[in-house]
Amino acid sequence: MAMVGWSVRVSVASPAAVRARRAVGGGRAVGRRGRTCCGLRAGQSVGEEPVRVVAISDVHVDHPENMQWVRDLRDDLGACCVLAGDVSGDTDLLKEALLVFRAKYGRVFFTPGNHDLWLTSRERRMGKSSLDKLAELLRWCEEEAGVDTRPALVGGRVWVVPVLSWYHSSFDTEPDIEGWQGIPPVERVMRDFKRCAWPQPLSDAADDSVLAEHFDGLNGGEYQRLWDQARAASRAGDPVISFSHFLPHIELNPEKRHLYLPTLPRAIGSTYLGRRVTDLAPQVHIFGHTHFGFDGVLTKDGATVRYIQAALGSPKERGVRMPSLEIGCIETGPVPIYDGEQGWAPVCPRARWSAYYAVNKRRPELNTELSPWAAQRYRRAAA
Ligand SMILES: [Fe+2]
Ligand SMILES: [Fe+2]
């Protein structure tokens with residue numbers, strides 16, 4: 001039986017972090033391996049290899065304010081920036097934003113989110129699938145933009161591990177909210193179901209776990225060799241940071257009764273991803289997608305991992321529900337995760353839902369009464 005336990009703790013430098021601190025100062029210069037559109041290849045840094053890691057997800061630069069937020073970021077060539085998906089549904093804007101990040105940070109890691117795989121109507125008419133778009137995007141990142149999409153050792157001491165994933169409805173194992181009218185199915189609300197297209201047999205599969213399983217299988221081949229190295233480093237206590245766009249465990253999302261869209265958990269996470277994160281057991285796993293600020297430690301299936309979501313979200317979300325979105329300092333830039341001098345960044349006390357579940361037990365099976373802010377959107381069904 002799965003063991004689940006919550007806690008929020010103040011970060012204390014691990015023995016590995018202490019070793020890493022002692023090693024600071026030995027950053028190596030990386031030579032050029034050929035010219036690309038930004039003059040760099042994936043894995044190649046500007047000057048010294050950074051040992052600081054910062055992270056952000058869901059920058060959604062389709063919103064001009066968000067693209068400006070990216071352009072206004074201060075140069076931080078001494079840091080490695082993790083981008084946990086949902087940069088843009090527009091490929092040109094997505095690439096432009098990735099190149100801006102690449103110019104500002106010494107190293108950039110990226111894994112695509114659902115928005116990043118949306119197709120234009122023209123692409124759909126040409127018969128292109130979202131898997132074609134994924135393959136093109138990963139190739140462009142690695143070969144032209146100098147953006148990392150596979151596990152890699154940063155600064156010779158910190159493993160950063162992107163994990164490809166897609167959501168599936170059976171990830172949601174918790175009781176539905178009943179007795180209310182007007183709660184829409186997630187398929188009607190999320191645009192992925194119209195904007196993504198999958199090739200056969202994935203498109204014909206009645207069970208969407210086939211798609212999630214396919215994405216999980218993409219983390220194979222050369223990736224598996226790097227994964228094994230990262231896992232060995234994790235076992236040895238060295239710093240390992242993994243990241244995905246989607247959620248590895250349903251406990252990282254608020255209970256349905258607290259959500260404006262109580263059917264959302266059917267389209268947020270992957271149990272395949274969860275098993276990978278448990279297998280790797282990194283110190284930190286970064287995720288995105290739900291746009292809820294989160295910074296807490298979860299023990300599940302024997303793996304104790306600190307999970308962080310630092311989503312920029314849309315300007316409207318920041319205006320309407322900043323307290324549930326914010327973590328640390330996303331208004332001014334990606335949040336600190338790891339520093340070769342300082343160790344792991346302190347837990348952010350302002351991440352609302354992780355702070356809530358640090359003191360309130362998560363009991364979705366006992367309480368399915370909608371919270372007041374969600375209830376005002378729906379009508380009680382007649383008895
Ligand atoms: Fe998003
Ligand atoms: Fe997303």
# chains A, B, ... in the order shown; residues from 1 in each chain; ligands from 1
>>> residues_near_ligand(ligand="ligand 2", cutoff="8 Å", atoms="only C-alpha atoms and all ligand atoms", output="list in words")
Asp58, Gly85, Asp86, Gly113, Asn114, His115, His245, Phe246, Ile268, Gly288, His289 and Thr290 of chain A
>>> closest_atom_pairs(of="chain A", to="ligand 1", cutoff="12 Å", atoms="only C-alpha atoms and all ligand atoms", output="Markdown table")
| residue | atom | partner | partner_atom_place_in_ligand_line | distance |
| --- | --- | --- | --- | --- |
| A:Ile56 | CA | ligand 1 | 1 (Fe) | 11.0 |
| A:Ser57 | CA | ligand 1 | 1 (Fe) | 7.4 |
| A:Asp58 | CA | ligand 1 | 1 (Fe) | 4.3 |
| A:Val59 | CA | ligand 1 | 1 (Fe) | 7.4 |
| A:His60 | CA | ligand 1 | 1 (Fe) | 6.7 |
| A:Val61 | CA | ligand 1 | 1 (Fe) | 10.4 |
| A:Asp62 | CA | ligand 1 | 1 (Fe) | 11.2 |
| A:His63 | CA | ligand 1 | 1 (Fe) | 12.0 |
| A:Leu83 | CA | ligand 1 | 1 (Fe) | 11.6 |
| A:Ala84 | CA | ligand 1 | 1 (Fe) | 9.4 |
| A:Gly85 | CA | ligand 1 | 1 (Fe) | 7.4 |
| A:Asp86 | CA | ligand 1 | 1 (Fe) | 5.0 |
| A:Val87 | CA | ligand 1 | 1 (Fe) | 7.9 |
| A:Ser88 | CA | ligand 1 | 1 (Fe) | 8.9 |
| A:Gly89 | CA | ligand 1 | 1 (Fe) | 10.1 |
| A:Pro112 | CA | ligand 1 | 1 (Fe) | 10.6 |
| A:Gly113 | CA | ligand 1 | 1 (Fe) | 7.4 |
| A:Asn114 | CA | ligand 1 | 1 (Fe) | 7.7 |
| A:His115 | CA | ligand 1 | 1 (Fe) | 7.1 |
| A:Asp116 | CA | ligand 1 | 1 (Fe) | 9.5 |
| A:Met190 | CA | ligand 1 | 1 (Fe) | 11.0 |
| A:Arg191 | CA | ligand 1 | 1 (Fe) | 11.5 |
| A:Asp192 | CA | ligand 1 | 1 (Fe) | 11.3 |
| A:His245 | CA | ligand 1 | 1 (Fe) | 8.5 |
| A:Phe246 | CA | ligand 1 | 1 (Fe) | 9.7 |
| A:Ile268 | CA | ligand 1 | 1 (Fe) | 10.5 |
| A:Phe287 | CA | ligand 1 | 1 (Fe) | 10.5 |
| A:Gly288 | CA | ligand 1 | 1 (Fe) | 6.8 |
| A:His289 | CA | ligand 1 | 1 (Fe) | 4.4 |
| A:Thr290 | CA | ligand 1 | 1 (Fe) | 6.5 |
| A:His291 | CA | ligand 1 | 1 (Fe) | 6.3 |
| A:Phe292 | CA | ligand 1 | 1 (Fe) | 10.1 |
| A:Gln309 | CA | ligand 1 | 1 (Fe) | 11.1 |
| A:Ala310 | CA | ligand 1 | 1 (Fe) | 10.8 |
| A:Ala311 | CA | ligand 1 | 1 (Fe) | 7.5 |
| A:Leu312 | CA | ligand 1 | 1 (Fe) | 8.4 |
| A:Gly313 | CA | ligand 1 | 1 (Fe) | 6.3 |
| A:Ser314 | CA | ligand 1 | 1 (Fe) | 8.3 |
| A:Glu317 | CA | ligand 1 | 1 (Fe) | 10.9 |
| A:Leu325 | CA | ligand 1 | 1 (Fe) | 11.5 |
>>> closest_residue(among="A:Gly78, A:Pro334, A:Ser165, A:Glu178", to="Arg276 of chain A", atoms="only C-alpha atoms")
A:Ser165
>>> closest_residue(among="A:Arg107, A:Arg139, A:Arg257, A:Lys128", to="Pro199 of chain A", atoms="only C-alpha atoms")
A:Lys128
>>> closest_residue(among="A:Ala55, A:Val158, A:Met67, A:Ala351", to="Val108 of chain A", atoms="only C-alpha atoms")
A:Ala55
>>> select_by_dssp(residues="segment 90-302 of chain A", states="alpha helix (DSSP H)", output="ChimeraX atom specification")
/A:91-104,121-125,130-140,186-189,192-195,209-217,222-235,271-280
>>> residues_around(residues="segment 214-225 of chain A", least_positions_apart="3", cutoff="7 Å", atoms="only C-alpha atoms", output="VMD selection string")
chain A and resid 150 to 151 163 to 166 210 to 211 228 to 229 272 to 273
>>> closest_residue(among="A:Ser234, A:Ser324, A:Ser129, A:Asn66", to="Val305 of chain A", atoms="only C-alpha atoms")
A:Ser234
>>> residues_around(residues="Leu280 of chain A", least_positions_apart="5", cutoff="9 Å", atoms="only C-alpha atoms", output="ChimeraX atom specification")
/A:227-228,230-232,234-235,240,242,275,303
>>> closest_residue(among="A:Arg188, A:Arg363, A:His168, A:Arg122", to="Thr271 of chain A", atoms="only C-alpha atoms")
A:His168
>>> select_by_dssp(residues="segment 180-277 of chain A", states="strand (DSSP E)", output="list in words")
Trp180, Gln181, Val240, Ile241, Ser242 and Phe243 of chain A
>>> residues_around(residues="Glu123 of chain A", least_positions_apart="6", cutoff="12 Å", atoms="only C-alpha atoms", output="PDB file with N, CA, C and O atoms, in the first residue's frame")
ATOM      1  N   ASP A  90       2.144  29.195 -29.595  1.00  0.00           N
ATOM      2  CA  ASP A  90       2.618  29.712 -30.881  1.00  0.00           C
ATOM      3  C   ASP A  90       4.099  29.372 -31.011  1.00  0.00           C
ATOM      4  O   ASP A  90       4.925  29.842 -30.219  1.00  0.00           O
ATOM      5  N   THR A  91       4.446  28.574 -32.009  1.00  0.00           N
ATOM      6  CA  THR A  91       5.823  28.072 -32.113  1.00  0.00           C
ATOM      7  C   THR A  91       6.839  29.193 -32.260  1.00  0.00           C
ATOM      8  O   THR A  91       7.934  29.132 -31.683  1.00  0.00           O
ATOM      9  N   LEU A 117       2.512  21.989 -27.523  1.00  0.00           N
ATOM     10  CA  LEU A 117       2.253  21.005 -28.582  1.00  0.00           C
ATOM     11  C   LEU A 117       0.957  21.275 -29.329  1.00  0.00           C
ATOM     12  O   LEU A 117       0.490  20.433 -30.107  1.00  0.00           O
ATOM     13  N   SER A 129       1.041  16.085 -36.668  1.00  0.00           N
ATOM     14  CA  SER A 129       0.523  15.703 -35.349  1.00  0.00           C
ATOM     15  C   SER A 129       1.310  16.421 -34.258  1.00  0.00           C
ATOM     16  O   SER A 129       2.390  16.972 -34.498  1.00  0.00           O
ATOM     17  N   SER A 130       0.774  16.380 -33.060  1.00  0.00           N
ATOM     18  CA  SER A 130       1.483  16.984 -31.917  1.00  0.00           C
ATOM     19  C   SER A 130       2.774  16.226 -31.609  1.00  0.00           C
ATOM     20  O   SER A 130       3.711  16.807 -31.058  1.00  0.00           O
ATOM     21  N   ASP A 132       4.697  15.017 -34.016  1.00  0.00           N
ATOM     22  CA  ASP A 132       5.640  15.607 -34.987  1.00  0.00           C
ATOM     23  C   ASP A 132       6.191  16.908 -34.418  1.00  0.00           C
ATOM     24  O   ASP A 132       7.395  17.190 -34.502  1.00  0.00           O
ATOM     25  N   LYS A 133       5.298  17.705 -33.835  1.00  0.00           N
ATOM     26  CA  LYS A 133       5.720  18.997 -33.289  1.00  0.00           C
ATOM     27  C   LYS A 133       6.692  18.795 -32.129  1.00  0.00           C
ATOM     28  O   LYS A 133       7.683  19.533 -31.997  1.00  0.00           O
ATOM     29  N   ARG A 195      -6.893  21.400 -29.747  1.00  0.00           N
ATOM     30  CA  ARG A 195      -5.698  21.975 -30.356  1.00  0.00           C
ATOM     31  C   ARG A 195      -4.561  20.965 -30.572  1.00  0.00           C
ATOM     32  O   ARG A 195      -3.601  21.253 -31.274  1.00  0.00           O
ATOM     33  N   CYS A 196      -4.648  19.798 -29.931  1.00  0.00           N
ATOM     34  CA  CYS A 196      -3.634  18.757 -30.167  1.00  0.00           C
ATOM     35  C   CYS A 196      -4.230  17.686 -31.074  1.00  0.00           C
ATOM     36  O   CYS A 196      -5.439  17.485 -31.110  1.00  0.00           O
ATOM     37  N   ALA A 197      -3.369  17.015 -31.824  1.00  0.00           N
ATOM     38  CA  ALA A 197      -3.804  15.893 -32.659  1.00  0.00           C
ATOM     39  C   ALA A 197      -2.754  14.804 -32.542  1.00  0.00           C
ATOM     40  O   ALA A 197      -1.552  15.089 -32.530  1.00  0.00           O
TER      41      ALA A 197
END
